[in-house]
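The data block below is query.cif; it holds mmCIF, C-alpha atoms.
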```cif
data_structure
loop_
_atom_site.label_atom_id
_atom_site.label_comp_id
_atom_site.auth_asym_id
_atom_site.auth_seq_id
_atom_site.Cartn_x
_atom_site.Cartn_y
_atom_site.Cartn_z
CA MET W 16 -25.96 14.01 -4.23
CA PRO W 17 -24.07 13.50 -0.95
CA SER W 18 -20.32 13.71 -0.97
CA SER W 19 -18.00 11.39 0.89
CA ARG W 20 -15.91 14.33 2.18
CA HIS W 21 -17.00 13.73 5.73
CA PRO W 22 -17.87 10.33 7.11
CA LYS W 23 -21.44 10.04 8.36
CA VAL W 24 -21.47 10.66 12.09
CA SER W 25 -23.37 8.15 14.17
CA THR W 26 -26.08 9.45 16.48
CA ASP W 27 -24.96 6.96 19.17
CA GLU W 28 -21.32 7.84 19.88
CA GLY W 29 -20.86 6.25 23.29
CA ALA W 30 -22.33 4.84 26.42
CA GLN W 31 -25.93 5.72 27.06
CA THR W 32 -27.00 7.66 30.11
CA HIS W 33 -30.63 7.45 31.20
CA GLY W 34 -31.50 5.59 28.00
CA ALA W 35 -30.39 8.43 25.69
CA PRO W 36 -27.11 8.80 23.79
CA PRO W 37 -24.77 11.57 24.98
CA PRO W 38 -25.09 14.95 23.25
CA ARG W 39 -23.11 15.28 20.04
CA SER W 40 -20.49 17.97 19.64
CA PRO W 41 -21.11 20.99 17.37
CA HIS W 42 -18.30 19.70 15.13
CA ALA W 43 -20.01 16.30 14.76
CA LEU W 44 -23.35 18.00 14.00
CA TYR W 45 -21.68 20.23 11.42
CA ARG W 46 -20.05 17.24 9.70
CA GLU W 47 -23.37 15.41 9.66
CA HIS W 48 -25.43 18.29 8.26
CA PHE W 49 -22.86 19.51 5.77
CA ALA W 50 -21.49 16.24 4.39
CA ASP W 51 -22.56 17.49 0.95
CA ALA W 52 -19.94 20.00 -0.28
CA ARG W 53 -22.50 22.00 -2.28
CA ARG W 54 -24.78 22.46 0.75
CA GLU W 55 -21.78 23.50 2.87
CA ARG W 56 -20.67 26.09 0.27
CA LEU W 57 -24.18 27.57 0.09
CA PHE W 58 -24.36 27.77 3.89
CA LEU W 59 -20.89 29.32 4.25
CA SER W 60 -21.54 31.93 1.56
CA SER W 61 -24.88 32.83 3.23
CA VAL W 62 -23.24 33.21 6.65
CA ALA W 63 -20.37 35.27 5.17
CA PHE W 64 -22.91 37.45 3.34
CA PHE W 65 -24.97 38.11 6.47
CA LEU W 66 -21.96 38.80 8.73
CA THR W 67 -20.21 41.00 6.16
CA PHE W 68 -23.36 43.00 5.50
CA ALA W 69 -23.89 43.60 9.23
CA ILE W 70 -20.22 44.51 9.81
CA VAL W 71 -20.06 46.82 6.78
CA ARG W 72 -23.23 48.60 7.88
CA ALA W 73 -21.73 49.14 11.36
CA ILE W 74 -18.42 50.38 9.91
CA THR W 75 -20.08 52.77 7.46
CA TYR W 76 -22.26 54.20 10.22
CA THR W 77 -19.20 54.85 12.41
CA ILE W 78 -17.31 56.43 9.50
CA HIS W 79 -20.32 58.61 8.67
CA ALA W 80 -20.61 59.65 12.32
CA GLY W 81 -16.88 60.42 12.46
CA LYS W 82 -16.28 57.99 15.31
CA GLY W 83 -13.51 55.45 15.63
CA PRO W 84 -10.26 54.92 13.76
CA LEU W 85 -11.73 53.90 10.38
CA HIS W 86 -12.29 56.27 7.46
CA ASP W 87 -13.13 56.22 3.76
CA VAL W 88 -10.52 54.80 1.39
CA VAL W 89 -9.39 57.62 -0.87
CA VAL W 90 -6.89 57.13 -3.70
CA GLY W 91 -5.74 60.14 -5.71
CA GLY W 92 -8.59 62.21 -4.29
CA MET W 93 -11.19 59.64 -5.35
CA HIS W 94 -13.30 57.76 -2.78
CA LEU W 95 -13.20 54.02 -3.46
CA HIS W 96 -16.58 52.61 -2.49
CA HIS W 97 -16.70 49.14 -0.92
CA LEU W 98 -18.62 48.15 -4.04
CA VAL W 99 -15.24 48.12 -5.82
CA TRP W 100 -13.77 45.59 -3.37
CA GLY W 101 -16.90 43.46 -3.69
CA ILE W 102 -16.68 43.42 -7.48
CA LEU W 103 -13.00 42.49 -7.32
CA LEU W 104 -13.75 39.63 -4.92
CA LEU W 105 -16.60 38.36 -7.11
CA LEU W 106 -14.40 38.52 -10.20
CA GLY W 107 -11.62 36.63 -8.38
CA VAL W 108 -13.95 33.93 -7.08
CA GLY W 109 -15.62 33.65 -10.49
CA TYR W 110 -12.25 33.12 -12.15
CA LEU W 111 -11.28 30.48 -9.56
CA TRP W 112 -14.59 28.68 -10.11
CA LEU W 113 -14.09 28.83 -13.90
CA THR W 114 -10.81 27.00 -13.39
CA GLN W 115 -12.65 24.67 -10.97
CA VAL W 116 -10.66 25.74 -7.93
CA GLY W 117 -12.87 25.39 -4.86
CA THR W 118 -15.83 23.85 -6.68
CA GLY W 119 -15.68 20.42 -5.08
CA ILE W 120 -15.30 18.90 -8.54
CA GLY W 121 -12.51 16.45 -9.25
CA ARG W 122 -9.56 16.37 -6.88
CA SER W 123 -10.61 19.56 -5.13
CA LEU W 124 -9.56 20.00 -1.51
CA ASP W 125 -12.00 21.08 1.19
CA TRP W 126 -10.33 24.35 2.20
CA PRO W 127 -10.40 26.05 -1.24
CA SER W 128 -14.08 25.15 -1.54
CA ARG W 129 -14.84 26.68 1.85
CA LEU W 130 -12.63 29.73 1.25
CA THR W 131 -14.15 30.57 -2.15
CA ALA W 132 -17.67 30.17 -0.71
CA LEU W 133 -16.82 32.59 2.11
CA LEU W 134 -15.20 35.07 -0.27
CA TYR W 135 -18.22 34.90 -2.58
CA GLY W 136 -20.53 35.79 0.34
CA VAL W 137 -18.26 38.67 1.38
CA GLY W 138 -18.01 40.00 -2.19
CA ALA W 139 -21.77 39.76 -2.72
CA ALA W 140 -22.45 41.66 0.52
CA LEU W 141 -19.96 44.42 -0.30
CA THR W 142 -21.47 44.80 -3.76
CA LEU W 143 -25.14 44.63 -2.81
CA ASP W 144 -24.70 47.00 0.13
CA GLU W 145 -24.15 49.71 -2.48
CA PHE W 146 -26.95 48.55 -4.76
CA ALA W 147 -28.39 52.08 -4.95
CA LEU W 148 -25.04 53.31 -6.31
CA TRP W 149 -25.17 50.96 -9.27
CA LEU W 150 -28.90 51.47 -9.73
CA ARG W 151 -28.75 55.29 -9.76
CA LEU W 152 -25.10 55.77 -10.80
CA GLU W 153 -24.72 58.38 -8.09
CA ASP W 154 -23.71 58.23 -4.45
CA VAL W 155 -27.00 58.14 -2.54
CA TYR W 156 -25.74 55.84 0.21
CA TRP W 157 -26.84 58.15 3.03
CA ALA W 158 -29.85 59.53 1.21
CA ARG W 159 -33.28 58.05 1.77
CA GLU W 160 -33.19 56.43 -1.67
CA GLY W 161 -29.97 54.61 -0.82
CA ARG W 162 -30.98 53.02 2.47
CA GLU W 163 -34.66 52.30 2.72
CA ARG W 164 -36.01 48.89 1.77
CA ILE W 165 -32.59 47.70 0.62
CA ASP W 166 -31.42 47.09 4.20
CA ALA W 167 -34.54 45.13 5.07
CA VAL W 168 -34.56 43.09 1.86
CA ILE W 169 -30.89 42.17 2.02
CA LEU W 170 -30.95 41.32 5.72
CA PHE W 171 -34.07 39.23 5.26
CA GLY W 172 -32.55 37.47 2.25
CA ALA W 173 -29.34 36.75 4.13
CA LEU W 174 -31.18 35.34 7.14
CA LEU W 175 -33.39 33.30 4.84
CA GLY W 176 -30.33 31.88 3.09
CA VAL W 177 -28.65 31.01 6.38
CA GLY W 178 -31.85 29.34 7.55
CA THR W 179 -32.38 27.51 4.28
CA TRP W 180 -28.90 26.07 4.04
CA GLY W 181 -28.23 25.72 7.76
CA GLY W 182 -31.69 25.31 9.31
CA ARG W 183 -31.36 21.58 9.96
CA PHE W 184 -27.88 22.09 11.46
CA PHE W 185 -29.03 24.89 13.80
CA HIS W 186 -32.10 22.88 14.82
CA ALA W 187 -29.88 19.88 15.68
CA LEU W 188 -27.44 22.14 17.54
CA VAL W 189 -30.24 23.60 19.72
CA ARG W 190 -31.70 20.13 20.30
CA GLU W 191 -28.31 18.76 21.42
CA ALA W 192 -27.68 21.79 23.66
CA ALA W 193 -31.08 21.28 25.30
CA ARG W 194 -30.26 17.60 25.86
CA ALA W 195 -26.92 18.56 27.43
CA LEU W 196 -28.64 21.07 29.75
CA ARG W 197 -31.18 18.47 30.89
CA ARG W 198 -28.40 16.11 32.04
#
```
Here is a file; write its structure as structure tokens.
Amino acid sequence: MPSSRHPKVSTDEGAQTHGAPPPRSPHALYREHFADARRERLFLSSVAFFLTFAIVRAITYTIHAGKGPLHDVVVGGMHLHHLVWGILLLLGVGYLWLTQVGTGIGRSLDWPSRLTALLYGVGAALTLDEFALWLRLEDVYWAREGRERIDAVILFGALLGVGTWGGRFFHALVREAARALRR
């Protein structure tokens, strides 16, 4: 069911040039394709998941290789896996959603809805990146058991989610960019 959060954006926003309306801005396309708050939250959480997963993989590879300024988080001699931060984020977002903060229900504002969707995607990526740890209850992150197939499945799932929830938006964005380049 569409929400009235964003007014519907007209496809004809101004004077026509060569019989075609001018290209729409990315912001206008976003508002048009994500007028429904639920669809926007699903898209934002998918994008946050994909980006977080990719960034975390890059960071863990640099830490493992001993390059760069980042290192493992160790508290009292115990390594805190990023799974812990993911679980904490998921618990926090779950609690907020239980109290209907950021759900789009009632008098909910747009920014908490967007923020909780992003945090959910980040928390899910941090947690699922260490899936082998919770499956085996041992640290096999750099072992063959900890990396194979999981990377491919999670990356594919994240891209599929981004495409599912944002496919129409990205298609419209490319179409409008092509129209702008033809001018």
Open item on the list: Could you check the closest approach to W:Leu104 for each of W:Gly138, W:Pro38, W:Gly178, W:Gly92 and tell me which residue wins, using only C-alpha atoms?
Closed with: W:Gly138
- [ ] Taking (-24.5, 22.3, 21.0) in the file's own coordinates, collect the residues within 12 Å, counting all atoms listed in the file, and hand them back as a list of chain:residue names.
- [x]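 Within the cut-off we find W:Pro37, W:Pro38, W:Arg39, W:Ser40, W:Pro41, W:His42, W:Ala43, W:Leu44, W:Tyr45, W:Phe184, W:Phe185, W:His186, W:Ala187, W:Leu188, W:Val189, W:Arg190, W:Glu191, W:Ala192, W:Ala193, W:Arg194, W:Ala195, W:Leu196.
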- [ ] Would you kindly return, as a PyMOL selection string, each protein, DNA or RNA residue with an atom no farther than 6 Å from any atom of stretch 57-71 of chain W, considering only C-alpha atoms and excluding same-chain residues fewer than 5 positions away?
- [x] chain W and resi 132-133+136-137+140+173+176-177+180-181
Go ahead and save the picked residues with C-alpha atoms, as a compact mmCIF listing (two decimals), in the coordinates of the input.
```txt
# COMPACT_ATOMS: atom_id res chain seq x y z
CA ALA W 132 -17.67 30.17 -0.71
CA LEU W 133 -16.82 32.59 2.11
CA GLY W 136 -20.53 35.79 0.34
CA VAL W 137 -18.26 38.67 1.38
CA ALA W 140 -22.45 41.66 0.52
CA ALA W 173 -29.34 36.75 4.13
CA GLY W 176 -30.33 31.88 3.09
CA VAL W 177 -28.65 31.01 6.38
CA TRP W 180 -28.90 26.07 4.04
CA GLY W 181 -28.23 25.72 7.76
```
TODO: Name the residues that the PyMOL selection byres ((chain W and resi 105) around 12) pulls out of this structure, and write them as a count of residues only.
DONE: 29
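The smallest atom-to-atom distance between W:His79 and any of W:Tyr156, W:Leu148, W:Leu174, W:Gly182, using only C-alpha atoms, is found for W:Tyr156.
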With the input short on atoms, add N, CA and C atoms back to stretch 89-122 of chain W and write it as a tab-separated table (two decimals), keeping the file's coordinate frame.
```tsv
chain	number	residue	atom	x	y	z
W	89	VAL	N	-9.50	56.61	0.18
W	89	VAL	CA	-9.39	57.62	-0.87
W	89	VAL	C	-8.05	57.43	-1.57
W	90	VAL	N	-8.10	57.30	-2.91
W	90	VAL	CA	-6.89	57.13	-3.70
W	90	VAL	C	-6.88	58.23	-4.77
W	91	GLY	N	-5.85	59.05	-4.74
W	91	GLY	CA	-5.74	60.14	-5.71
W	91	GLY	C	-6.93	61.08	-5.65
W	92	GLY	N	-7.46	61.32	-4.46
W	92	GLY	CA	-8.59	62.21	-4.29
W	92	GLY	C	-9.94	61.58	-4.61
W	93	MET	N	-9.94	60.31	-5.00
W	93	MET	CA	-11.19	59.64	-5.35
W	93	MET	C	-11.56	58.62	-4.28
W	94	HIS	N	-12.80	58.70	-3.78
W	94	HIS	CA	-13.30	57.76	-2.78
W	94	HIS	C	-13.58	56.42	-3.46
W	95	LEU	N	-12.94	55.37	-2.96
W	95	LEU	CA	-13.20	54.02	-3.46
W	95	LEU	C	-14.30	53.40	-2.60
W	96	HIS	N	-15.45	53.21	-3.19
W	96	HIS	CA	-16.58	52.61	-2.49
W	96	HIS	C	-16.31	51.13	-2.24
W	97	HIS	N	-16.92	50.57	-1.19
W	97	HIS	CA	-16.70	49.14	-0.92
W	97	HIS	C	-17.30	48.26	-2.01
W	98	LEU	N	-18.13	48.83	-2.85
W	98	LEU	CA	-18.62	48.15	-4.04
W	98	LEU	C	-17.46	47.67	-4.90
W	99	VAL	N	-16.41	48.48	-5.01
W	99	VAL	CA	-15.24	48.12	-5.82
W	99	VAL	C	-14.59	46.85	-5.28
W	100	TRP	N	-14.41	46.77	-3.96
W	100	TRP	CA	-13.77	45.59	-3.37
W	100	TRP	C	-14.66	44.36	-3.54
W	101	GLY	N	-15.97	44.57	-3.47
W	101	GLY	CA	-16.90	43.46	-3.69
W	101	GLY	C	-16.83	42.93	-5.11
W	102	ILE	N	-16.78	43.84	-6.08
W	102	ILE	CA	-16.68	43.42	-7.48
W	102	ILE	C	-15.38	42.67	-7.71
W	103	LEU	N	-14.28	43.18	-7.15
W	103	LEU	CA	-13.00	42.49	-7.32
W	103	LEU	C	-13.02	41.08	-6.72
W	104	LEU	N	-13.62	40.95	-5.54
W	104	LEU	CA	-13.75	39.63	-4.92
W	104	LEU	C	-14.60	38.70	-5.78
W	105	LEU	N	-15.73	39.19	-6.28
W	105	LEU	CA	-16.60	38.36	-7.11
W	105	LEU	C	-15.91	37.95	-8.40
W	106	LEU	N	-15.16	38.87	-8.99
W	106	LEU	CA	-14.40	38.52	-10.20
W	106	LEU	C	-13.34	37.45	-9.90
W	107	GLY	N	-12.65	37.61	-8.77
W	107	GLY	CA	-11.62	36.63	-8.38
W	107	GLY	C	-12.21	35.26	-8.12
W	108	VAL	N	-13.30	35.21	-7.37
W	108	VAL	CA	-13.95	33.93	-7.08
W	108	VAL	C	-14.51	33.31	-8.37
W	109	GLY	N	-15.11	34.15	-9.21
W	109	GLY	CA	-15.62	33.65	-10.49
W	109	GLY	C	-14.53	33.03	-11.33
W	110	TYR	N	-13.38	33.67	-11.38
W	110	TYR	CA	-12.25	33.12	-12.15
W	110	TYR	C	-11.79	31.78	-11.55
W	111	LEU	N	-11.68	31.73	-10.21
W	111	LEU	CA	-11.28	30.48	-9.56
W	111	LEU	C	-12.29	29.37	-9.86
W	112	TRP	N	-13.57	29.70	-9.83
W	112	TRP	CA	-14.59	28.68	-10.11
W	112	TRP	C	-14.56	28.27	-11.58
W	113	LEU	N	-14.23	29.20	-12.49
W	113	LEU	CA	-14.09	28.83	-13.90
W	113	LEU	C	-12.97	27.80	-14.09
W	114	THR	N	-11.92	27.95	-13.31
W	114	THR	CA	-10.81	27.00	-13.39
W	114	THR	C	-11.01	25.82	-12.44
W	115	GLN	N	-12.20	25.74	-11.86
W	115	GLN	CA	-12.65	24.67	-10.97
W	115	GLN	C	-11.82	24.56	-9.69
W	116	VAL	N	-11.30	25.69	-9.24
W	116	VAL	CA	-10.66	25.74	-7.93
W	116	VAL	C	-11.76	26.02	-6.91
W	117	GLY	N	-11.89	25.19	-5.92
W	117	GLY	CA	-12.87	25.39	-4.86
W	117	GLY	C	-14.29	25.04	-5.24
W	118	THR	N	-14.48	24.22	-6.27
W	118	THR	CA	-15.83	23.85	-6.68
W	118	THR	C	-16.27	22.51	-6.10
W	119	GLY	N	-15.34	21.76	-5.56
W	119	GLY	CA	-15.68	20.42	-5.08
W	119	GLY	C	-15.67	19.39	-6.19
W	120	ILE	N	-15.33	19.81	-7.40
W	120	ILE	CA	-15.30	18.90	-8.54
W	120	ILE	C	-13.89	18.34	-8.70
W	121	GLY	N	-13.80	17.08	-9.02
W	121	GLY	CA	-12.51	16.45	-9.25
W	121	GLY	C	-11.73	16.26	-7.97
W	122	ARG	N	-10.45	16.58	-8.03
W	122	ARG	CA	-9.56	16.37	-6.88
W	122	ARG	C	-9.49	17.61	-5.99
```
